[in-house]
There are 2 protein chains.
Amino acid sequence: MRMVDIIVNKREGLENTQAEIDFLINGYVKGDIPDYQISSWLMATFFQGMSDDEAFYLTKAMLYSGDVIDLSMIDGVKVDKHSTGGVGDKTTLVLGPLVASVGAKVAKLSGRGLGHTGGTLDKMESIEGMSIDIPEDRFIHQVNDINIAVAGQTKKLVPADKLLYALRDVTGTVPSKPLIASSIMSKKLASGADVICLDVKIGDGAFMKTLDDAKDLSEIMVAIGNSFGKKVTAFITDMDQPLGMTIGNRLEVKEAMETLAGHGPEDLETLCVNIASYMIYYAHKADSLEEAKQLAYDQLHNGQALAKFHEFVEAQGGTVPVLDKFITVDEIIPYKAKKAGYIKRIKALNIGLASMKLGGGRETKEDDIDPNVGIVLHQKVGDLVKVGDTVCDIYKNKRWSDDILELLDEAYEIVEEEIQTPDTIKTIIG
Amino acid sequence: MRMVDIIVNKREGLENTQAEIDFLINGYVKGDIPDYQISSWLMATFFQGMSDDEAFYLTKAMLYSGDVIDLSMIDGVKVDKHSTGGVGDKTTLVLGPLVASVGAKVAKLSGRGLGHTGGTLDKMESIEGMSIDIPEDRFIHQVNDINIAVAGQTKKLVPADKLLYALRDVTGTVPSKPLIASSIMSKKLASGADVICLDVKIGDGAFMKTLDDAKDLSEIMVAIGNSFGKKVTAFITDMDQPLGMTIGNRLEVKEAMETLAGHGPEDLETLCVNIASYMIYYAHKADSLEEAKQLAYDQLHNGQALAKFHEFVEAQGGTVPVLDKFITVDEIIPYKAKKAGYIKRIKALNIGLASMKLGGGRETKEDDIDPNVGIVLHQKVGDLVKVGDTVCDIYKNKRWSDDILELLDEAYEIVEEEIQTPDTIKTIIG
C-alpha cells in the first residue's frame, strides 16, 4: 500500500477503505508517513468529503491510536457532553452536577486548548484548591462514590487527533465536517461514555456559521456514535450572543452556581435542562423525556443539584466559593449604550476577545489567566435600551488594552425595530 | 503574510495575488515554508484551478527562482520546442537540424528525467563521443556558428520547479493543468527562447488522455507564453501509438537520420514538417506558413537538414554514425500477429515499457541504458495483418523479462473492421 495511491483515490472521489485509513493513521502516528502527504490527503478530503463508513473508520483508527479509558469499573450508564465551543459557555459546570444528582454517572475528561475564554478546566481551577489532575483509580472511585469526576485529558488519549489537529491548523484544512466530527468523536469515545450529548453552536462566535452546516456536522457525529453502539444526541444551539450573562472564569463559576440554585439566566437554564433531560432519560433515571426534563428542573430548584456541586468541588480538593467574596477586581467599568433601540446582536466573538484581552483567556499556551476578570452583560438580544444605559460591566484588573472598548462597540448591534428573543436550542438531531 | 491564509484563499476559490504566489515560491525555495503547507496548497489548486493571471504569476515566480539563461549574445530569433513526452519521440533530433538548416537559432536545454524510453539527451549520448555538457560560452558560440546546440539543463535552472515537481509526485497533485503548464513554461522561458512550439501528446501513452484536456492545457501554456511576449504554438498530436517505427535510443537516432534524409516514416515527417513550418515562419525565414512548410519539406529532401545534423553532432564532439554498423544486438526476435485483421491500436505505453525492460530506459535514476536495444514496428495503426505476420522486432541484448511478451500481447489491438490511419496532428492552438 502506498500513501500516494490513498491520496489519489480520495482526490478522485473514491472511498478510502478501512485498510487505507488504518494505514494512514498508524503510519502517521509512527512517523512513517510524512506531514506533506497527510496534508494533501486532508485537503483532498476537504473537497471530496467522506462517506459515513469512512468517517467511522477514521474515528476508529484515531480512537485506537492511543489509550482508551476503561470505565468498566464504573457501575451504571456513563454520560458525557461536548460543546463545539462558545463564549460564556459554563454548561458543563451546571450539567455535570445536575445529572449526577439524579444518579447518572459523569466521568468527564476535558481538553484545555486555546480559546478566547477559558475552558471548563480553567473555570474549575479558578476555585481555590480544586484540582483537575486525578489518577485513574481515584477518578473511577470518585465517580462510583459521588457520580461525578472531571479531569484533564492525558496526553496519551487519541495522539492521532493531536497530530492531525496541529497539521490541519496550519494547512487550511480545519473546516472539513468529517474531520471535525471524527476529531470530536474519537476523543469522546476514547473517554468511554455510553451516552453522548453534543452541543453544536452556530453563529458569529462558532465554527459552524449556518444551521445547515451545523445539521450536517451533527448528522455525521451521530452516525459515527451509532456505529460504535453509543446513544448520541446533538443539540444545535445559538451562539449569536454569549450564553448566560457572564464571561470570565470566576464570573462563570458564580453564574453556574446560581443556575444550580435555580436562579440562573433563562437561556442557560433552558439549555441545561434540555440536555440534562436526554442524559437522564438515556441513563434510565426517568421513564420519559418529559419526566426527565421535569426532574432536571426540580433538581435545580430543590437544592439537590447545588448540593452535588459542593460534593464535586470538595471531592477534587476545592473549597466551595463564598460568592460575594469570590471575585476581586480593581475596577468595574460600566459600558454604556451609544444608541437607543432593541439589541439585535451581541457578537459573541467580540465579547470573548474582550474578556481574553482583560486576561480571562489565553492568546498563547504560556499565558496566565486572571480568573477574576471578564464581562457581565446587563441585557441580551431582544432587550430595549436607552442611550447611556449600562449594557455590560467590564471587570478589570491590571491588564487593559484600548481594543477592548472597540471590540465592545462592534459587538453591539442596536436597531429601531423590535427584535424577538432568539431560541436557545435551534433543533435536536439523533 | 501567512502561508495558511494563502492556502485558505485558494481553497475558497479566491485568486491568489502575485504577492502571495511570490511569497509562496520564494519561501519554499528558501526553506522557510514547509512541504506540508505547499502540498495542501497544491491539492487546493488541483481542485480550484488557477486563473490565467495566477498561472502567469506562478510561472514568473518559478522562472526567477534560479538562473535565467541569457541568450542575448545570440543573433536572430531563438526557437525552441517541448514535448509533453511520448514513446518513440525523436522529433527534436529531426526538428533541431531542420530549422537550423534554414537559419533559425536552436539553443536548446533538455532535461533528463525518468521515462519508459530515453530522452533526447540519452539519444544524443548514444552517438559515440557526443557530449551534452557544454559550458555556457561555448554553447552560445556554437549557436552563433552553426545555428544549433543542445545541452543538458543545469541544476540551477528553475529550482522551484524541481522542488515542486518532486513534491507533486508523492502528494497526488501531478495532474493539475495550471501546475503542469507553469512547470513546462517556466523551464522553456528560463531557457531564453523567443518562439516556442509545444507538442502536447494525447492518448494512452500520454499525460493528457483526451483532446479536451490537451486543449485546456495548451491554452494555459499559450496564455502564459503570450504574457511573457513570446510566440507560443501548441500542436496536439497523437500518442495512441508510438511515433515513427522505432523505440530505443540508437534505433531512434537512425530513424531521425533517415527522416532528415527524406525517407522517414510518414507520421514523423508530417509532424516535423508542420512544427518546423511555424518555427521557420516566426523566425522570419519564410514569408508565410505555406512557404515555410515547403521549405522544411525541401530541406529534408535536398540533403541540407542531414548536413546540418552532421555539423551538429561533430560540433558536440560526436562521430556521425555509420548506420549499418550503429546498432549491435545479440538477437532480433520477431513478434508475430496472433490474429488477422486491421491494427486498431498499438498501446504506446506498453511498447515504451517493453523497451525499458530491454534496457532502453531507466526505472530508477541509477539505471544504465543500453543504447542498442528496443523495438522496431513493421506496421502501424490502420494496417492489415495476417496471423503470423511479424508486427514488430525485438532488439535484445542481455536484459530480458518475460513481461515483455505480455506487454506486446496487450499492446496490439487487432479488429476485423477497417481502421482509418489516425491524424498525427489533431489540432493546433495559439
# chains A, B, ... in the order shown; residues from 1 in each chain; ligands from 1
>>> select_by_dssp(residues="segment 184-356 of chain A", states="alpha helix (DSSP H)", output="ChimeraX atom specification")
/A:184-190,211-227,249-260,266-282,289-301,304-315,323-326,348-355
>>> write_last_selection(atoms="C-alpha atoms", output="CSV table (one decimal), in the first residue's frame")
chain,number,residue,atom,x,y,z
A,184,ILE,CA,-14.6,15.2,18.4
A,185,MET,CA,-16.0,11.7,18.4
A,186,SER,CA,-12.6,9.9,18.7
A,187,LYS,CA,-12.0,11.8,22.0
A,188,LYS,CA,-15.5,11.3,23.3
A,189,LEU,CA,-15.3,7.6,22.5
A,190,ALA,CA,-11.9,7.2,24.0
A,211,LEU,CA,-28.0,25.9,10.6
A,212,ASP,CA,-27.4,23.6,7.6
A,213,ASP,CA,-23.7,23.3,8.3
A,214,ALA,CA,-24.4,22.5,11.9
A,215,LYS,CA,-27.0,19.9,10.9
A,216,ASP,CA,-24.6,18.2,8.5
A,217,LEU,CA,-21.8,18.1,11.2
A,218,SER,CA,-24.3,16.8,13.7
A,219,GLU,CA,-25.6,14.0,11.5
A,220,ILE,CA,-22.0,12.8,10.8
A,221,MET,CA,-21.3,12.7,14.5
A,222,VAL,CA,-24.5,11.0,15.4
A,223,ALA,CA,-23.8,8.4,12.7
A,224,ILE,CA,-20.3,7.8,13.9
A,225,GLY,CA,-21.5,7.4,17.5
A,226,ASN,CA,-24.3,5.0,16.4
A,227,SER,CA,-21.7,2.9,14.5
A,249,ASN,CA,-13.8,32.2,34.7
A,250,ARG,CA,-15.0,33.1,38.3
A,251,LEU,CA,-17.9,35.1,36.9
A,252,GLU,CA,-19.0,32.0,35.0
A,253,VAL,CA,-18.5,29.7,38.1
A,254,LYS,CA,-20.7,32.1,40.0
A,255,GLU,CA,-23.3,32.1,37.4
A,256,ALA,CA,-23.2,28.3,37.2
A,257,MET,CA,-23.7,28.1,40.9
A,258,GLU,CA,-26.6,30.5,40.7
A,259,THR,CA,-28.1,28.3,38.0
A,260,LEU,CA,-27.7,25.2,40.1
A,266,GLU,CA,-33.2,31.8,31.2
A,267,ASP,CA,-31.1,30.7,28.2
A,268,LEU,CA,-28.5,28.8,30.3
A,269,GLU,CA,-31.2,27.1,32.4
A,270,THR,CA,-33.2,26.1,29.3
A,271,LEU,CA,-30.1,24.7,27.6
A,272,CYS,CA,-29.0,22.7,30.7
A,273,VAL,CA,-32.5,21.4,31.5
A,274,ASN,CA,-33.0,20.2,27.9
A,275,ILE,CA,-29.6,18.5,27.5
A,276,ALA,CA,-29.9,17.0,31.0
A,277,SER,CA,-33.3,15.5,30.1
A,278,TYR,CA,-31.7,13.4,27.4
A,279,MET,CA,-28.8,12.4,29.6
A,280,ILE,CA,-31.2,11.4,32.5
A,281,TYR,CA,-33.6,9.6,30.2
A,282,TYR,CA,-30.9,7.6,28.4
A,289,LEU,CA,-38.0,12.6,28.2
A,290,GLU,CA,-40.8,14.8,29.7
A,291,GLU,CA,-40.3,13.2,33.1
A,292,ALA,CA,-36.6,13.6,32.8
A,293,LYS,CA,-37.0,17.3,32.0
A,294,GLN,CA,-39.2,17.9,35.0
A,295,LEU,CA,-36.7,16.0,37.2
A,296,ALA,CA,-33.9,18.2,35.9
A,297,TYR,CA,-35.9,21.3,36.5
A,298,ASP,CA,-36.8,20.2,40.0
A,299,GLN,CA,-33.2,19.4,40.9
A,300,LEU,CA,-32.2,22.9,40.0
A,301,HIS,CA,-34.9,24.3,42.2
A,304,GLN,CA,-30.1,18.9,45.1
A,305,ALA,CA,-28.0,19.9,42.0
A,306,LEU,CA,-26.2,22.6,44.0
A,307,ALA,CA,-25.5,20.1,46.8
A,308,LYS,CA,-23.9,17.8,44.3
A,309,PHE,CA,-21.8,20.7,43.0
A,310,HIS,CA,-20.5,21.2,46.6
A,311,GLU,CA,-19.7,17.5,46.8
A,312,PHE,CA,-17.9,17.6,43.5
A,313,VAL,CA,-15.8,20.6,44.3
A,314,GLU,CA,-14.8,19.1,47.7
A,315,ALA,CA,-14.0,15.7,46.2
A,323,LEU,CA,-19.9,34.1,46.2
A,324,ASP,CA,-19.8,37.6,47.5
A,325,LYS,CA,-16.1,37.3,48.3
A,326,PHE,CA,-15.2,35.2,45.2
A,348,ALA,CA,-20.0,36.5,20.9
A,349,LEU,CA,-16.6,36.5,19.3
A,350,ASN,CA,-16.0,40.2,20.2
A,351,ILE,CA,-17.1,39.7,23.9
A,352,GLY,CA,-14.8,36.6,24.1
A,353,LEU,CA,-11.9,38.6,22.7
A,354,ALA,CA,-12.5,41.5,25.1
A,355,SER,CA,-12.5,39.1,28.0
>>> select_by_dssp(residues="segment 8-248 of chain A", states="strand (DSSP E or B)", output="ChimeraX atom specification")
/A:67,78-83,105-110,115,148-152,157,195-202,208,231-238,246-247
>>> write_last_selection(atoms="C-alpha atoms", output="compact mmCIF listing (two decimals), in the first residue's frame")
# COMPACT_ATOMS: atom_id res chain seq x y z
CA ASP A 67 -5.13 4.96 25.27
CA LYS A 78 -21.83 6.85 31.80
CA VAL A 79 -22.99 10.11 30.26
CA ASP A 80 -20.82 12.75 28.64
CA LYS A 81 -21.28 16.05 26.90
CA HIS A 82 -19.21 18.01 24.41
CA SER A 83 -19.57 21.56 23.19
CA LYS A 105 -22.53 8.77 36.00
CA VAL A 106 -20.44 11.71 34.81
CA ALA A 107 -16.85 10.63 34.11
CA LYS A 108 -15.59 13.53 32.07
CA LEU A 109 -12.15 14.18 30.55
CA SER A 110 -11.77 17.74 29.31
CA GLY A 115 -9.57 29.99 23.36
CA ILE A 148 -19.11 12.80 39.06
CA ALA A 149 -15.46 13.49 38.31
CA VAL A 150 -13.94 15.88 35.77
CA ALA A 151 -10.25 15.64 34.93
CA GLY A 152 -7.80 16.85 32.34
CA LEU A 157 -5.52 9.97 24.68
CA VAL A 195 -24.47 8.35 26.22
CA ILE A 196 -23.04 11.41 24.49
CA CYS A 197 -24.76 14.78 24.13
CA LEU A 198 -23.22 17.21 21.68
CA ASP A 199 -23.79 20.94 21.90
CA VAL A 200 -23.15 22.28 18.39
CA LYS A 201 -23.02 26.06 18.43
CA ILE A 202 -23.98 28.18 15.46
CA MET A 208 -20.41 26.47 12.18
CA LYS A 231 -26.54 6.86 22.04
CA VAL A 232 -25.63 10.26 20.62
CA THR A 233 -27.81 13.38 20.53
CA ALA A 234 -26.76 16.69 19.00
CA PHE A 235 -28.29 19.99 20.17
CA ILE A 236 -27.81 22.84 17.72
CA THR A 237 -27.74 25.96 19.85
CA ASP A 238 -27.44 29.71 19.47
CA THR A 246 -21.20 36.33 32.31
CA ILE A 247 -17.89 35.79 30.54
>>> atom_distance(atom1="atom CA of Ser65 of chain B", atom2="atom CA of Asp122 of chain B")
27.1 Å
>>> interface_residues(of="chain B", to="chain A", cutoff="8 Å", atoms="only C-alpha atoms", output="JSON, numbers by chain")
{"B": [4, 5, 7, 8, 11, 35, 36, 37, 38, 39, 40, 41, 42, 43, 44, 47, 170, 171, 172]}
>>> residues_around(residues="segment 367-381 of chain A", least_positions_apart="6", cutoff="8 Å", atoms="only C-alpha atoms", output="PyMOL selection string")
chain A and resi 118+123+126+241+245-251+327-329+342-346+351+354-356+358-361+390-397+419-422
>>> closest_residue(among="B:Ser182, B:Thr91, B:Ser101, B:Thr154", to="Asp53 of chain B", atoms="only C-alpha atoms")
B:Ser182
>>> atom_distance(atom1="atom CA of Lys230 of chain A", atom2="atom CA of Ala193 of chain A")
8.0 Å
>>> atom_distance(atom1="atom CA of Gly318 of chain A", atom2="atom CA of Val94 of chain A")
16.5 Å
